[in-house]
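Enquirer: One file: model_19.cif (mmCIF, C-alpha atoms).
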```cif
data_query
#
loop_
_atom_site.group_PDB
_atom_site.id
_atom_site.type_symbol
_atom_site.label_atom_id
_atom_site.label_comp_id
_atom_site.auth_asym_id
_atom_site.auth_seq_id
_atom_site.Cartn_x
_atom_site.Cartn_y
_atom_site.Cartn_z
ATOM 1 C CA MET A 1 23.716 6.898 -12.228
ATOM 2 C CA GLY A 2 22.765 3.540 -13.753
ATOM 3 C CA PRO A 3 19.174 2.699 -14.689
ATOM 4 C CA CYS A 4 18.472 1.206 -11.236
ATOM 5 C CA SER A 5 20.576 3.620 -9.120
ATOM 6 C CA LEU A 6 18.414 6.203 -7.390
ATOM 7 C CA PRO A 7 18.788 8.913 -4.750
ATOM 8 C CA ASP A 8 18.202 8.223 -1.073
ATOM 9 C CA ILE A 9 14.638 8.391 0.208
ATOM 10 C CA GLU A 10 14.126 11.715 1.981
ATOM 11 C CA GLY A 11 11.455 14.236 2.763
ATOM 12 C CA ARG A 12 9.024 11.860 4.456
ATOM 13 C CA THR A 13 7.013 13.012 7.464
ATOM 14 C CA LEU A 14 8.928 11.548 10.384
ATOM 15 C CA THR A 15 6.029 10.644 12.663
ATOM 16 C CA HIS A 16 4.130 8.917 9.870
ATOM 17 C CA GLU A 17 7.300 7.180 8.738
ATOM 18 C CA GLN A 18 8.113 5.953 12.236
ATOM 19 C CA LEU A 19 4.645 4.472 12.553
ATOM 20 C CA ARG A 20 4.786 2.988 9.043
ATOM 21 C CA ARG A 21 8.179 1.364 9.682
ATOM 22 C CA GLN A 22 6.836 -0.414 12.772
ATOM 23 C CA TYR A 23 4.717 -2.492 10.396
ATOM 24 C CA ARG A 24 7.266 -3.144 7.647
ATOM 25 C CA PRO A 25 7.351 -6.895 6.952
ATOM 26 C CA GLU A 26 10.629 -8.756 6.492
ATOM 27 C CA GLN A 27 9.480 -9.837 3.029
ATOM 28 C CA VAL A 28 7.052 -7.598 1.155
ATOM 29 C CA ARG A 29 4.647 -9.781 -0.765
ATOM 30 C CA LEU A 30 2.147 -7.075 -1.710
ATOM 31 C CA LEU A 31 3.172 -3.422 -1.781
ATOM 32 C CA PHE A 32 0.237 -1.024 -1.763
ATOM 33 C CA ILE A 33 1.029 2.390 -3.205
ATOM 34 C CA GLY A 34 -1.135 5.358 -2.326
ATOM 35 C CA GLU A 35 -0.836 8.913 -3.562
ATOM 36 C CA SER A 36 0.243 10.624 -0.311
ATOM 37 C CA PRO A 37 -0.620 10.881 3.356
ATOM 38 C CA PRO A 38 -3.905 12.828 3.550
ATOM 39 C CA ALA A 39 -3.785 16.546 4.364
ATOM 40 C CA SER A 40 -6.389 15.799 7.062
ATOM 41 C CA GLY A 41 -3.724 14.074 9.154
ATOM 42 C CA ARG A 42 -5.529 10.733 8.981
ATOM 43 C CA PHE A 43 -3.163 7.871 8.279
ATOM 44 C CA PHE A 44 -3.594 4.198 7.415
ATOM 45 C CA TYR A 45 -1.159 3.000 10.078
ATOM 46 C CA ALA A 46 -2.865 5.183 12.693
ATOM 47 C CA ARG A 47 -6.012 3.106 12.045
ATOM 48 C CA ASN A 48 -8.102 6.225 11.430
ATOM 49 C CA SER A 49 -8.514 6.482 7.661
ATOM 50 C CA GLY A 50 -11.149 5.364 5.199
ATOM 51 C CA LEU A 51 -8.514 3.303 3.406
ATOM 52 C CA TYR A 52 -7.751 1.480 6.655
ATOM 53 C CA ARG A 53 -11.431 0.620 7.121
ATOM 54 C CA ALA A 54 -11.826 -0.536 3.503
ATOM 55 C CA MET A 55 -8.686 -2.686 3.679
ATOM 56 C CA LEU A 56 -9.784 -4.182 7.007
ATOM 57 C CA GLU A 57 -13.145 -5.121 5.479
ATOM 58 C CA VAL A 58 -11.475 -6.934 2.569
ATOM 59 C CA PHE A 59 -9.234 -8.911 4.930
ATOM 60 C CA LYS A 60 -12.225 -9.727 7.159
ATOM 61 C CA SER A 61 -14.209 -10.922 4.126
ATOM 62 C CA VAL A 62 -11.432 -13.454 3.499
ATOM 63 C CA ASP A 63 -10.864 -14.294 7.165
ATOM 64 C CA PRO A 64 -13.722 -13.370 9.550
ATOM 65 C CA GLY A 65 -11.393 -13.983 12.516
ATOM 66 C CA ILE A 66 -9.448 -10.798 11.799
ATOM 67 C CA ARG A 67 -10.308 -7.985 14.195
ATOM 68 C CA ASP A 68 -9.582 -4.265 14.208
ATOM 69 C CA GLU A 69 -7.207 -4.675 17.167
ATOM 70 C CA THR A 70 -5.034 -7.204 15.321
ATOM 71 C CA PHE A 71 -5.419 -6.093 11.720
ATOM 72 C CA LEU A 72 -2.134 -4.212 11.331
ATOM 73 C CA ASP A 73 -0.264 -7.202 12.777
ATOM 74 C CA VAL A 74 -2.023 -9.482 10.281
ATOM 75 C CA PHE A 75 -1.326 -7.005 7.468
ATOM 76 C CA GLN A 76 2.384 -7.080 8.362
ATOM 77 C CA ALA A 77 2.552 -10.859 8.903
ATOM 78 C CA SER A 78 0.909 -11.310 5.499
ATOM 79 C CA GLY A 79 3.747 -9.409 3.877
ATOM 80 C CA CYS A 80 1.585 -6.415 3.025
ATOM 81 C CA TYR A 81 2.960 -2.903 3.240
ATOM 82 C CA LEU A 82 1.600 0.510 2.285
ATOM 83 C CA VAL A 83 3.767 3.368 1.027
ATOM 84 C CA ASP A 84 2.935 6.621 -0.707
ATOM 85 C CA LEU A 85 4.102 8.016 -4.022
ATOM 86 C CA CYS A 86 4.477 11.497 -2.509
ATOM 87 C CA PRO A 87 6.083 12.039 0.894
ATOM 88 C CA GLN A 88 3.865 15.013 1.789
ATOM 89 C CA PRO A 89 0.092 15.507 1.379
ATOM 90 C CA VAL A 90 -1.049 16.547 -2.099
ATOM 91 C CA ASP A 91 -4.826 16.277 -1.814
ATOM 92 C CA HIS A 92 -5.078 19.967 -0.890
ATOM 93 C CA LEU A 93 -3.144 21.124 -4.014
ATOM 94 C CA ASP A 94 -4.667 22.246 -7.299
ATOM 95 C CA ARG A 95 -4.616 19.724 -10.154
ATOM 96 C CA HIS A 96 -1.465 21.116 -11.811
ATOM 97 C CA GLN A 97 0.564 21.225 -8.567
ATOM 98 C CA ARG A 98 -0.682 17.792 -7.577
ATOM 99 C CA ARG A 99 0.395 16.208 -10.873
ATOM 100 C CA ALA A 100 3.775 17.966 -10.784
ATOM 101 C CA THR A 101 4.409 16.802 -7.211
ATOM 102 C CA CYS A 102 3.466 13.227 -8.126
ATOM 103 C CA ALA A 103 5.815 13.287 -11.132
ATOM 104 C CA ALA A 104 8.637 14.703 -9.011
ATOM 105 C CA SER A 105 8.192 11.851 -6.505
ATOM 106 C CA GLU A 106 8.626 8.987 -8.975
ATOM 107 C CA GLU A 107 12.371 8.523 -8.319
ATOM 108 C CA LEU A 108 11.807 8.328 -4.565
ATOM 109 C CA LEU A 109 9.145 5.680 -5.099
ATOM 110 C CA ALA A 110 11.425 3.766 -7.464
ATOM 111 C CA LYS A 111 14.111 3.684 -4.774
ATOM 112 C CA GLU A 112 11.568 2.383 -2.276
ATOM 113 C CA ILE A 113 10.419 -0.342 -4.686
ATOM 114 C CA LEU A 114 14.042 -1.315 -5.277
ATOM 115 C CA VAL A 115 14.733 -1.538 -1.527
ATOM 116 C CA LEU A 116 11.519 -3.393 -0.642
ATOM 117 C CA GLY A 117 11.552 -5.856 -3.570
ATOM 118 C CA PRO A 118 7.831 -6.680 -3.472
ATOM 119 C CA LEU A 119 6.386 -9.719 -5.228
ATOM 120 C CA MET A 120 3.278 -7.743 -6.260
ATOM 121 C CA ILE A 121 2.288 -4.083 -6.363
ATOM 122 C CA ALA A 122 -1.205 -2.628 -5.965
ATOM 123 C CA THR A 123 -1.935 0.966 -6.932
ATOM 124 C CA LEU A 124 -4.591 2.577 -4.762
ATOM 125 C CA LEU A 125 -5.669 5.399 -7.033
ATOM 126 C CA ARG A 126 -6.192 5.365 -10.778
ATOM 127 C CA SER A 127 -4.640 8.800 -11.293
ATOM 128 C CA ILE A 128 -1.221 7.647 -10.000
ATOM 129 C CA GLU A 129 -0.990 4.538 -12.199
ATOM 130 C CA PRO A 130 1.249 6.279 -14.790
ATOM 131 C CA ASN A 131 3.528 7.594 -12.015
ATOM 132 C CA VAL A 132 3.815 4.140 -10.479
ATOM 133 C CA ALA A 133 4.475 2.604 -13.909
ATOM 134 C CA ARG A 134 7.392 5.007 -14.452
ATOM 135 C CA ALA A 135 8.750 4.295 -10.950
ATOM 136 C CA VAL A 136 8.502 0.541 -11.600
ATOM 137 C CA THR A 137 10.489 1.001 -14.820
ATOM 138 C CA LEU A 138 13.143 3.074 -13.016
ATOM 139 C CA ALA A 139 13.437 0.352 -10.364
ATOM 140 C CA CYS A 140 13.726 -2.383 -13.029
ATOM 141 C CA TRP A 141 10.962 -4.215 -11.150
ATOM 142 C CA LYS A 142 9.069 -7.086 -12.740
ATOM 143 C CA GLY A 143 5.951 -8.627 -11.247
ATOM 144 C CA GLN A 144 2.180 -8.545 -11.053
ATOM 145 C CA THR A 145 0.441 -5.202 -10.633
ATOM 146 C CA ILE A 146 -3.108 -4.848 -9.357
ATOM 147 C CA HIS A 147 -4.891 -1.608 -10.250
ATOM 148 C CA LEU A 148 -7.408 -0.656 -7.584
ATOM 149 C CA PRO A 149 -9.819 2.246 -7.452
ATOM 150 C CA TYR A 150 -9.624 4.312 -4.286
ATOM 151 C CA PRO A 151 -12.386 3.010 -1.994
ATOM 152 C CA GLY A 152 -13.636 6.477 -1.125
ATOM 153 C CA ARG A 153 -17.133 7.712 -0.627
ATOM 154 C CA TRP A 154 -18.725 5.950 -3.607
ATOM 155 C CA GLU A 155 -20.149 2.498 -2.880
ATOM 156 C CA ARG A 156 -19.418 1.202 -6.389
ATOM 157 C CA LEU A 157 -15.700 2.002 -5.931
ATOM 158 C CA ARG A 158 -15.605 0.228 -2.567
ATOM 159 C CA VAL A 159 -17.197 -2.816 -4.228
ATOM 160 C CA GLN A 160 -14.684 -2.746 -7.106
ATOM 161 C CA PHE A 161 -11.823 -2.298 -4.627
ATOM 162 C CA ALA A 162 -12.925 -5.353 -2.652
ATOM 163 C CA GLU A 163 -13.621 -7.506 -5.728
ATOM 164 C CA ARG A 164 -10.212 -6.794 -7.277
ATOM 165 C CA LEU A 165 -8.251 -7.164 -4.049
ATOM 166 C CA ARG A 166 -9.985 -10.161 -2.456
ATOM 167 C CA PRO A 167 -8.325 -12.867 -4.669
ATOM 168 C CA ALA A 168 -4.805 -11.623 -3.895
ATOM 169 C CA ILE A 169 -5.513 -11.359 -0.160
ATOM 170 C CA GLY A 170 -7.094 -14.824 -0.165
ATOM 171 C CA ALA A 171 -4.010 -16.303 -1.827
ATOM 172 C CA ILE A 172 -1.659 -14.510 0.575
ATOM 173 C CA LEU A 173 -3.592 -15.594 3.676
ATOM 174 C CA ASP A 174 -3.915 -19.166 2.388
ATOM 175 C CA ASN A 175 -0.168 -19.260 1.759
ATOM 176 C CA LEU A 176 0.468 -17.820 5.205
ATOM 177 C CA GLN A 177 -1.796 -20.422 6.765
ATOM 178 C CA THR A 178 0.156 -23.291 5.209
ATOM 179 C CA THR A 179 3.544 -21.862 6.243
ATOM 180 C CA SER A 180 3.941 -19.912 9.467
ATOM 181 C CA ARG A 181 0.585 -18.441 10.383
ATOM 182 C CA PRO A 182 0.704 -15.968 13.294
ATOM 183 C CA GLN A 183 -1.510 -16.700 16.270
ATOM 184 C CA THR A 184 -3.263 -13.339 15.944
ATOM 185 C CA PHE A 185 -5.839 -14.671 13.520
ATOM 186 C CA SER A 186 -7.486 -17.812 12.269
ATOM 187 C CA ARG A 187 -8.669 -18.469 8.707
ATOM 188 C CA HIS A 188 -11.549 -20.653 9.847
ATOM 189 C CA GLY A 189 -12.861 -19.263 12.988
#
```
As C-alpha coordinates, please, write out the structure in this file.
Expert:
Amino acid sequence: MGPCSLPDIEGRTLTHEQLRRQYRPEQVRLLFIGESPPASGRFFYARNSGLYRAMLEVFKSVDPGIRDETFLDVFQASGCYLVDLCPQPVDHLDRHQRRATCAASEELLAKEILVLGPLMIATLLRSIEPNVARAVTLACWKGQTIHLPYPGRWERLRVQFAERLRPAIGAILDNLQTTSRPQTFSRHG
(Lines of atoms letter the chains of each structure in order from A and count residues from 1; the text may use other names and numbers.)
(Lines give C-alpha, C1' and ligand atoms only; values in the text may rest on other atoms or scores of the structure.)
Protein backbone atom coordinates (compact mmCIF):
# COMPACT_ATOMS: atom_id res chain seq x y z
CA MET A 1 0.00 0.00 0.00
CA GLY A 2 1.27 3.48 -0.86
CA PRO A 3 1.31 6.30 1.69
CA CYS A 4 -2.20 7.46 0.68
CA SER A 5 -3.75 4.02 -0.03
CA LEU A 6 -5.98 2.88 2.81
CA PRO A 7 -8.47 0.10 3.53
CA ASP A 8 -12.18 0.50 2.84
CA ILE A 9 -14.29 2.19 5.49
CA GLU A 10 -16.17 -0.48 7.45
CA GLY A 11 -17.60 -1.16 10.85
CA ARG A 12 -19.82 1.92 11.06
CA THR A 13 -23.24 1.70 12.70
CA LEU A 14 -25.59 1.43 9.74
CA THR A 15 -28.50 3.49 11.05
CA HIS A 16 -26.24 6.34 12.14
CA GLU A 17 -24.35 6.14 8.86
CA GLN A 18 -27.53 6.22 6.79
CA LEU A 19 -28.68 9.33 8.62
CA ARG A 20 -25.23 10.93 8.38
CA ARG A 21 -25.00 10.28 4.63
CA GLN A 22 -28.31 12.07 4.03
CA TYR A 23 -26.51 15.28 5.01
CA ARG A 24 -23.21 14.75 3.18
CA PRO A 25 -22.48 17.87 1.10
CA GLU A 26 -21.22 17.62 -2.47
CA GLN A 27 -18.13 19.61 -1.47
CA VAL A 28 -16.93 19.38 2.12
CA ARG A 29 -15.64 22.77 3.17
CA LEU A 30 -15.36 22.08 6.90
CA LEU A 31 -15.07 18.53 8.20
CA PHE A 32 -15.83 18.20 11.90
CA ILE A 33 -14.27 15.16 13.53
CA GLY A 34 -15.68 13.82 16.77
CA GLU A 35 -14.44 10.91 18.83
CA SER A 36 -17.34 8.47 18.29
CA PRO A 37 -21.11 8.26 18.37
CA PRO A 38 -22.12 8.47 22.05
CA ALA A 39 -22.91 5.25 23.92
CA SER A 40 -26.16 6.96 25.00
CA GLY A 41 -27.52 6.60 21.47
CA ARG A 42 -27.76 10.37 21.01
CA PHE A 43 -26.48 11.48 17.64
CA PHE A 44 -25.71 14.84 16.05
CA TYR A 45 -27.69 14.11 12.88
CA ALA A 46 -30.66 12.92 14.95
CA ARG A 47 -30.78 16.47 16.39
CA ASN A 48 -30.73 15.17 19.96
CA SER A 49 -27.18 15.69 21.21
CA GLY A 50 -25.42 18.41 23.16
CA LEU A 51 -23.02 18.86 20.26
CA TYR A 52 -25.97 19.49 17.94
CA ARG A 53 -27.31 22.19 20.26
CA ALA A 54 -23.89 23.84 20.65
CA MET A 55 -23.28 23.82 16.89
CA LEU A 56 -26.76 25.22 16.22
CA GLU A 57 -26.09 28.07 18.66
CA VAL A 58 -22.85 29.01 16.89
CA PHE A 59 -24.57 29.06 13.49
CA LYS A 60 -27.46 31.10 14.94
CA SER A 61 -24.99 33.59 16.44
CA VAL A 62 -23.68 34.19 12.92
CA ASP A 63 -27.09 34.07 11.23
CA PRO A 64 -30.11 34.60 13.54
CA GLY A 65 -32.41 33.40 10.73
CA ILE A 66 -31.26 29.80 11.17
CA ARG A 67 -33.82 27.66 12.97
CA ASP A 68 -33.69 24.21 14.53
CA GLU A 69 -35.97 22.82 11.81
CA THR A 70 -33.63 23.92 9.01
CA PHE A 71 -30.24 23.71 10.70
CA LEU A 72 -29.08 20.39 9.25
CA ASP A 73 -29.99 21.59 5.76
CA VAL A 74 -27.98 24.78 6.35
CA PHE A 75 -25.11 22.74 7.80
CA GLN A 76 -25.06 20.61 4.64
CA ALA A 77 -25.52 23.53 2.22
CA SER A 78 -22.61 25.27 3.96
CA GLY A 79 -20.36 22.35 3.14
CA CYS A 80 -20.09 21.22 6.75
CA TYR A 81 -20.00 17.55 7.63
CA LEU A 82 -19.43 15.65 10.87
CA VAL A 83 -17.71 12.26 11.05
CA ASP A 84 -16.26 10.30 13.94
CA LEU A 85 -12.77 8.95 14.49
CA CYS A 86 -14.18 5.69 15.89
CA PRO A 87 -17.09 3.89 14.23
CA GLN A 88 -18.52 2.58 17.51
CA PRO A 89 -19.06 4.34 20.87
CA VAL A 90 -15.97 4.59 23.08
CA ASP A 91 -17.17 6.88 25.86
CA HIS A 92 -18.16 3.88 27.99
CA LEU A 93 -14.67 2.27 27.77
CA ASP A 94 -11.87 2.64 30.29
CA ARG A 95 -9.07 5.06 29.39
CA HIS A 96 -6.70 2.38 28.03
CA GLN A 97 -9.35 0.72 25.82
CA ARG A 98 -10.58 4.10 24.63
CA ARG A 99 -7.11 5.23 23.55
CA ALA A 100 -6.38 1.89 21.86
CA THR A 101 -9.68 2.01 19.96
CA CYS A 102 -8.99 5.59 18.84
CA ALA A 103 -5.50 4.63 17.63
CA ALA A 104 -6.88 1.61 15.77
CA SER A 105 -9.40 3.86 13.97
CA GLU A 106 -6.87 6.29 12.49
CA GLU A 107 -6.58 4.49 9.12
CA LEU A 108 -10.36 4.46 8.68
CA LEU A 109 -10.47 8.19 9.38
CA ALA A 110 -7.60 8.79 6.96
CA LYS A 111 -9.55 7.00 4.23
CA GLU A 112 -12.59 9.15 4.98
CA ILE A 113 -10.51 12.35 4.82
CA LEU A 114 -9.04 11.20 1.52
CA VAL A 115 -12.50 10.49 0.07
CA LEU A 116 -14.13 13.69 1.37
CA GLY A 117 -11.26 16.08 0.53
CA PRO A 118 -12.26 18.82 2.98
CA LEU A 119 -10.89 22.35 2.74
CA MET A 120 -10.66 22.60 6.55
CA ILE A 121 -10.84 20.18 9.46
CA ALA A 122 -12.09 20.89 12.98
CA THR A 123 -11.37 18.48 15.82
CA LEU A 124 -14.14 18.36 18.41
CA LEU A 125 -12.22 16.95 21.35
CA ARG A 126 -8.72 17.78 22.51
CA SER A 127 -7.87 14.17 23.36
CA ILE A 128 -8.28 13.03 19.73
CA GLU A 129 -6.06 15.73 18.21
CA PRO A 130 -3.02 13.41 17.97
CA ASN A 131 -5.16 10.68 16.35
CA VAL A 132 -6.55 13.15 13.82
CA ALA A 133 -3.05 14.49 13.12
CA ARG A 134 -1.83 10.97 12.30
CA ALA A 135 -4.88 10.32 10.10
CA VAL A 136 -4.28 13.62 8.27
CA THR A 137 -0.68 12.56 7.62
CA LEU A 138 -1.79 9.14 6.34
CA ALA A 139 -4.27 10.85 4.00
CA CYS A 140 -1.59 13.29 2.75
CA TRP A 141 -4.07 16.08 3.50
CA LYS A 142 -2.97 19.70 3.67
CA GLY A 143 -5.17 22.50 4.95
CA GLN A 144 -6.28 24.52 7.95
CA THR A 145 -7.14 22.70 11.16
CA ILE A 146 -9.25 24.22 13.91
CA HIS A 147 -8.85 22.68 17.37
CA LEU A 148 -12.06 22.96 19.36
CA PRO A 149 -12.81 21.91 22.91
CA TYR A 150 -15.85 19.69 23.29
CA PRO A 151 -18.73 21.99 24.26
CA GLY A 152 -19.91 19.73 27.07
CA ARG A 153 -21.26 20.61 30.45
CA TRP A 154 -18.75 23.34 31.31
CA GLU A 155 -19.77 26.86 30.30
CA ARG A 156 -16.18 27.99 29.70
CA LEU A 157 -15.72 25.19 27.12
CA ARG A 158 -18.94 26.14 25.33
CA VAL A 159 -17.69 29.74 25.19
CA GLN A 160 -14.29 28.67 23.83
CA PHE A 161 -16.00 26.37 21.31
CA ALA A 162 -18.15 29.22 20.02
CA GLU A 163 -15.32 31.78 19.97
CA ARG A 164 -12.99 29.50 17.99
CA LEU A 165 -15.64 28.28 15.56
CA ARG A 166 -17.58 31.49 14.89
CA PRO A 167 -15.01 33.07 12.47
CA ALA A 168 -14.90 29.98 10.24
CA ILE A 169 -18.70 29.66 10.19
CA GLY A 170 -19.05 33.38 9.45
CA ALA A 171 -16.67 33.09 6.50
CA ILE A 172 -18.44 29.99 5.17
CA LEU A 173 -21.91 31.54 5.44
CA ASP A 174 -20.71 34.82 3.91
CA ASN A 175 -19.18 32.88 1.02
CA LEU A 176 -22.38 30.89 0.63
CA GLN A 177 -24.42 34.07 0.61
CA THR A 178 -22.41 35.54 -2.26
CA THR A 179 -22.60 32.34 -4.34
CA SER A 180 -25.64 30.09 -4.20
CA ARG A 181 -27.37 30.64 -0.88
CA PRO A 182 -30.18 28.16 -0.15
CA GLN A 183 -33.60 29.60 0.57
CA THR A 184 -33.74 27.87 3.96
CA PHE A 185 -32.01 30.72 5.73
CA SER A 186 -31.18 34.38 5.49
CA ARG A 187 -28.01 36.06 6.78
CA HIS A 188 -29.80 39.30 7.57
CA GLY A 189 -33.18 38.48 8.76
Enquirer: Would you mind listing, for every residue of stretch 83-158 of chain A within 9 Å of stretch 41-60 of chain A, the two atoms forming the shortest contact and the distance between them in Å to one decimal, using only C-alpha atoms, sorted by chain and ascending residue number, as CSV?
Expert:
```
residue,atom,partner,partner_atom,distance
A:Pro89,CA,A:Gly41,CA,8.8
A:Tyr150,CA,A:Leu51,CA,7.8
A:Pro151,CA,A:Ala54,CA,6.6
A:Gly152,CA,A:Gly50,CA,6.9
A:Arg153,CA,A:Gly50,CA,8.7
A:Arg158,CA,A:Ala54,CA,7.2
```
Enquirer: Sort by chain and increasing residue number a table of all residues of stretch 24-65 of chain A within 7 Å of stretch 111-133 of chain A, each with its closest pair of atoms and their distance in Å to one decimal, counting all atoms listed in the file, and write it as CSV.
Expert:
```
residue,atom,partner,partner_atom,distance
A:Val28,CA,A:Pro118,CA,4.8
A:Arg29,CA,A:Leu119,CA,4.8
A:Leu30,CA,A:Met120,CA,4.7
A:Leu31,CA,A:Ile121,CA,4.7
A:Phe32,CA,A:Ala122,CA,4.7
A:Ile33,CA,A:Thr123,CA,5.0
A:Gly34,CA,A:Leu124,CA,5.1
A:Glu35,CA,A:Ile128,CA,6.6
```
Enquirer: Kindly provide the residues of stretch 70-118 of chain A that approach stretch 162-172 of chain A to within 10 Å, each paired with its closest atom pair and their distance in Å to one decimal, based on all atoms listed in the file, listed by chain and increasing number, as a Markdown table.
Expert:
```
| residue | atom | partner | partner_atom | distance |
| --- | --- | --- | --- | --- |
| A:Phe75 | CA | A:Ile169 | CA | 9.7 |
| A:Ser78 | CA | A:Ile172 | CA | 6.4 |
| A:Gly79 | CA | A:Ile172 | CA | 8.1 |
| A:Cys80 | CA | A:Ile172 | CA | 9.1 |
```
Enquirer: Can you work out which one of A:Leu109, A:Ile146, A:Leu157, A:Leu93 has the shortest atom-to-atom distance to A:Arg134, counting only C-alpha atoms?
Expert: A:Leu109
Enquirer: Expressed in Å to a single decimal, how great is the separation between atom CA of A:Arg67 and atom CA of A:Arg21?
Expert: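 Straight-line distance from atom CA of A:Arg67 to atom CA of A:Arg21 works out to 21.2 Å.
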Enquirer: Just how far from atom CA of A:Glu69 is atom CA of A:Arg156, in Å to one decimal?
Expert: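 Separation between atom CA of A:Arg156 and atom CA of A:Glu69: 27.2 Å.
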Enquirer: Starting from 8 Å padding per side, set up an axis-aligned box that covers all listed atoms of stretch 161-168 of chain A and hand over centre and edge lengths in Å, one decimal, as JSON.
Expert:
```
{"center_x": -9.2, "center_y": -7.6, "center_z": -4.9, "size_x": 24.8, "size_y": 26.6, "size_z": 20.8}
```
Enquirer: Which residue is closest to A:Val74? Choose from A:Pro149, A:Pro37, A:Gly143, A:Pro25 and count all atoms listed in the file.
Expert: A:Pro25
Enquirer: Please compute the atom CA of A:Ala135-atom CA of A:Arg98 distance, one decimal, in Å.
Expert: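 Pair atom CA of A:Ala135 / atom CA of A:Arg98 returns 16.8 Å.
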Enquirer: The PyMOL selection byres ((chain A and resi 23) around 8) - which residues does that actually catch in the file I just gave you? List them as a VMD selection string.
Expert: chain A and resid 19 to 22 24 to 25 72 to 73 76 81
Enquirer: Distance cut-off 10 Å, centre (7.3, 13.9, -6.2) in file coordinates, counting all atoms listed in the file: which residues qualify? Return them as a PyMOL selection string.
Expert: chain A and resi 11+35-36+85-88+90+98-109+131
